[in-house]
Amino acid sequence: MKSLIFLIVGLAVLSGGCTGRTDSVQGNGGTVREADSVPRATAILWIDLDKSLPSGHTAGKTVVNVKAKVNISSDGKVQVLEYVSDPSGTIERYIAEKLENDYRVKQKFFDKGLIEPGVQYVFLRLLKEKL
């Protein structure tokens, strides 16, 4: 019984020290926002998915998710406006290169209404092994 009371008190003390921040901070490539002030992501964009590999090719690999505010044009081009959390320089360069040279949102996603053109928050998903 005493250990249960100590556990409850300990959890109360730990949770009391957690505070949320909604401040904007200036990062390397632009404004970075704290996660609790950002709207939910509208889509997950796999920017380095290789369709030639069998399904489940991510098994045993590290998947990196980067939440960002992006502008998706009607031709499928994606431009990062700001990151929710500041990614490492390597990840930021990799994302910029992939979005500039290779990645486009397919027209079928626009046609089905899964993704709308315009400014929105998305998760940019990539495999750490490809960095």
# chains A, B, ... in the order shown; residues from 1 in each chain; ligands from 1
$ select_by_dssp --residues "stretch 27-127 of chain A" --states "strand (DSSP E or B)" --output "MDAnalysis selection string"
chainID A and resid 31:33 43:46 63:72 78:83 118:127
$ residues_around --residues "stretch 40-55 of chain A" --least-positions-apart "4" --cutoff "8 Å" --atoms "only C-alpha atoms" --output "mmCIF file with N, CA, C and O atoms, in the first residue's frame"
data_model
loop_
_atom_site.group_PDB
_atom_site.id
_atom_site.type_symbol
_atom_site.label_atom_id
_atom_site.label_comp_id
_atom_site.auth_asym_id
_atom_site.auth_seq_id
_atom_site.Cartn_x
_atom_site.Cartn_y
_atom_site.Cartn_z
ATOM 1 N N LYS A 67 7.563 16.166 -39.317
ATOM 2 C CA LYS A 67 6.336 16.933 -39.535
ATOM 3 C C LYS A 67 6.721 18.318 -40.028
ATOM 4 O O LYS A 67 7.585 18.980 -39.445
ATOM 5 N N ILE A 95 15.777 15.659 -47.578
ATOM 6 C CA ILE A 95 14.386 15.998 -47.904
ATOM 7 C C ILE A 95 14.343 17.025 -49.036
ATOM 8 O O ILE A 95 13.581 16.878 -49.993
ATOM 9 N N LYS A 98 15.248 15.307 -52.358
ATOM 10 C CA LYS A 98 14.182 14.411 -52.822
ATOM 11 C C LYS A 98 12.982 15.189 -53.343
ATOM 12 O O LYS A 98 12.407 14.851 -54.375
ATOM 13 N N LEU A 99 12.570 16.225 -52.620
ATOM 14 C CA LEU A 99 11.406 17.001 -53.035
ATOM 15 C C LEU A 99 11.684 17.800 -54.300
ATOM 16 O O LEU A 99 10.789 18.007 -55.118
ATOM 17 N N TYR A 103 10.416 13.560 -55.953
ATOM 18 C CA TYR A 103 9.085 13.325 -55.413
ATOM 19 C C TYR A 103 8.037 14.283 -55.968
ATOM 20 O O TYR A 103 8.253 15.500 -56.025
ATOM 21 N N ILE A 115 -5.632 14.164 -51.024
ATOM 22 C CA ILE A 115 -4.742 15.288 -50.775
ATOM 23 C C ILE A 115 -5.265 16.472 -51.567
ATOM 24 O O ILE A 115 -5.616 16.344 -52.742
ATOM 25 N N GLN A 120 -0.438 23.128 -45.980
ATOM 26 C CA GLN A 120 -0.937 22.192 -44.982
ATOM 27 C C GLN A 120 0.226 21.540 -44.241
ATOM 28 O O GLN A 120 1.373 21.637 -44.668
ATOM 29 N N TYR A 121 -0.097 20.896 -43.132
ATOM 30 C CA TYR A 121 0.905 20.155 -42.369
ATOM 31 C C TYR A 121 0.851 18.692 -42.783
ATOM 32 O O TYR A 121 -0.232 18.107 -42.897
ATOM 33 N N VAL A 122 2.024 18.100 -43.020
ATOM 34 C CA VAL A 122 2.126 16.695 -43.407
ATOM 35 C C VAL A 122 3.300 16.060 -42.673
ATOM 36 O O VAL A 122 4.165 16.749 -42.145
ATOM 37 N N PHE A 123 3.310 14.736 -42.655
ATOM 38 C CA PHE A 123 4.486 13.996 -42.215
ATOM 39 C C PHE A 123 5.271 13.610 -43.453
ATOM 40 O O PHE A 123 4.720 13.032 -44.391
ATOM 41 N N LEU A 124 6.542 13.939 -43.489
ATOM 42 C CA LEU A 124 7.444 13.496 -44.540
ATOM 43 C C LEU A 124 8.138 12.260 -43.991
ATOM 44 O O LEU A 124 8.838 12.334 -42.986
ATOM 45 N N ARG A 125 7.917 11.123 -44.616
ATOM 46 C CA ARG A 125 8.426 9.849 -44.093
ATOM 47 C C ARG A 125 9.539 9.352 -45.013
ATOM 48 O O ARG A 125 9.408 9.353 -46.219
ATOM 49 N N LEU A 126 10.650 8.916 -44.399
ATOM 50 C CA LEU A 126 11.780 8.403 -45.148
ATOM 51 C C LEU A 126 12.482 7.313 -44.371
ATOM 52 O O LEU A 126 12.266 7.160 -43.175
ATOM 53 N N LEU A 127 13.302 6.557 -45.068
ATOM 54 C CA LEU A 127 14.084 5.496 -44.425
ATOM 55 C C LEU A 127 15.463 6.042 -44.060
ATOM 56 O O LEU A 127 16.142 6.621 -44.909
#
$ atom_distance --atom1 "atom CA of A:Val105" --atom2 "atom CA of A:Lys77"
6.6 Å
$ residues_around --residues "A:Pro117" --least-positions-apart "6" --cutoff "7 Å" --atoms "only C-alpha atoms" --output "VMD selection string"
chain A and resid 72 to 74
$ atom_distance --atom1 "atom CA of A:Thr62" --atom2 "atom CA of A:Lys128"
5.5 Å
$ atom_distance --atom1 "atom CA of A:Gly113" --atom2 "atom CA of A:Asp75"
14.4 Å
$ closest_residue --among "A:Ser88, A:Gln79, A:Thr58, A:Ser37" --to "A:Leu131" --atoms "only C-alpha atoms"
A:Ser88
